[in-house]
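Text of data-v1.cif, listed as mmCIF, C-alpha atoms:
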data_run
#
loop_
_atom_site.label_atom_id
_atom_site.label_comp_id
_atom_site.auth_asym_id
_atom_site.auth_seq_id
_atom_site.Cartn_x
_atom_site.Cartn_y
_atom_site.Cartn_z
CA MET A 35 7.57 -3.59 -1.98
CA ASN A 36 5.02 -2.88 -4.67
CA GLU A 37 6.38 -0.17 -7.00
CA ARG A 38 3.20 1.92 -6.91
CA ILE A 39 3.22 1.98 -3.10
CA LYS A 40 6.89 2.98 -3.21
CA GLU A 41 6.10 5.83 -5.63
CA LEU A 42 3.31 7.08 -3.39
CA ALA A 43 5.54 6.91 -0.31
CA GLU A 44 8.17 8.99 -2.12
CA GLN A 45 5.51 11.54 -3.08
CA ALA A 46 4.60 11.76 0.62
CA GLY A 47 8.21 12.57 1.52
CA ALA A 48 9.65 9.16 2.34
CA GLU A 49 13.17 8.37 1.23
CA PHE A 50 14.65 4.98 0.45
CA TYR A 51 18.05 3.64 1.37
CA ALA A 52 18.41 0.26 -0.27
CA ASP A 53 15.04 -1.27 0.63
CA THR A 54 14.55 0.67 3.88
CA ILE A 55 11.97 3.45 4.10
CA LEU A 56 13.21 6.56 5.90
CA VAL A 57 10.94 9.32 7.19
CA ASN A 58 12.73 12.35 8.60
CA GLY A 59 15.92 10.28 8.52
CA LYS A 60 14.49 7.52 10.72
CA ASP A 61 13.65 3.93 9.77
CA ALA A 62 9.90 3.79 9.21
CA ASP A 63 9.82 0.70 7.02
CA ASP A 64 7.34 -1.42 8.99
CA LEU A 65 5.11 1.53 9.81
CA MET A 66 4.90 2.75 6.20
CA ARG A 67 4.30 -0.73 4.79
CA LYS A 68 1.47 -1.38 7.24
CA PHE A 69 -0.01 2.09 6.72
CA ALA A 70 -0.02 1.62 2.94
CA GLU A 71 -1.58 -1.82 3.25
CA LEU A 72 -4.34 -0.51 5.52
CA ILE A 73 -5.20 2.26 3.06
CA VAL A 74 -5.34 -0.19 0.15
CA ARG A 75 -7.49 -2.60 2.16
CA GLU A 76 -9.89 0.23 2.98
CA CYS A 77 -10.20 1.02 -0.75
CA ILE A 78 -10.88 -2.66 -1.45
CA ASN A 79 -13.57 -2.74 1.24
CA VAL A 80 -15.25 0.38 -0.15
CA ALA A 81 -15.31 -1.08 -3.66
CA SER A 82 -16.62 -4.40 -2.34
CA ASN A 83 -19.37 -2.76 -0.32
CA ALA A 84 -20.38 -0.80 -3.41
CA LYS A 85 -20.88 -4.17 -5.15
CA SER A 86 -17.99 -3.45 -7.48
CA LEU A 87 -16.07 -6.69 -7.12
CA GLU A 88 -14.23 -5.98 -10.37
CA ALA A 89 -12.94 -2.69 -8.93
CA ALA A 90 -11.92 -4.45 -5.71
CA ALA A 91 -10.00 -7.07 -7.71
CA MET A 92 -8.29 -4.36 -9.76
CA ILE A 93 -7.22 -2.51 -6.59
CA LYS A 94 -5.87 -5.74 -5.07
CA GLN A 95 -3.90 -6.50 -8.23
CA ARG A 96 -2.56 -2.94 -8.60
CA PHE A 97 -1.19 -2.86 -5.06
CA GLY A 98 -0.21 -6.52 -4.71
CA ILE A 99 -2.59 -7.38 -1.88
CA GLU A 100 -2.97 -11.15 -1.78
CA ASN A 101 -5.20 -11.86 1.23
CA GLU A 102 -8.96 -11.94 1.14
CA ILE A 103 -10.95 -8.86 2.07
CA GLU A 104 -11.41 -8.57 5.84
#
Exercise: express the given structure as structure tokens:
Amino acid sequence: MNERIKELAEQAGAEFYADTILVNGKDADDLMRKFAELIVRECINVASNAKSLEAAAMIKQRFGIENEIE
């Protein structure tokens, strides 16, 4: 998992046991990973629509998103 996404998840109250994300003591790994990716993709889309391709590329690099913008 990207370290910045992990830091943000911890700030939101998630806990980590090994590489598993726990929310309220329950395994929320897949949910949190997908949620984080969707938020990052939305930021990339906003930057792209604003004609700021450099900003979109920086967001993708920062959060480790490899796929093309949807």
Using only C-alpha atoms, the shortest atom-to-atom distance to A:Ala70 among A:Leu56, A:Ile39, A:Ala46, A:Ala90 belongs to A:Ile39
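Minimum distance to A:Gly47 across A:Cys77, A:Leu72, A:Ala84, A:Met66 (counting only C-alpha atoms) occurs at A:Met66.
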Matched chain/residue IDs from the PyMOL selection byres ((chain A and resi 98) around 10), as a list in words:
Met35, Asn36, Glu37, Arg38, Ile39, Glu71, Val74, Met92, Ile93, Lys94, Gln95, Arg96, Phe97, Ile99, Glu100 and Asn101 of chain A
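The interatomic distance for the pair atom CA of A:Glu41 and atom CA of A:Leu65 works out to 16.1 Å.
Under the PyMOL selection byres ((chain A and resi 54) around 12), the matching residues in the shown file are Met35, Lys40, Ala43, Ala48, Glu49, Phe50, Tyr51, Ala52, Asp53, Ile55, Leu56, Val57, Gly59, Lys60, Asp61, Ala62, Asp63, Asp64, Leu65, Met66 and Arg67 of chain A.
Distance-wise, atom CA of A:Leu42 and atom CA of A:Lys85 end up 26.7 Å apart.
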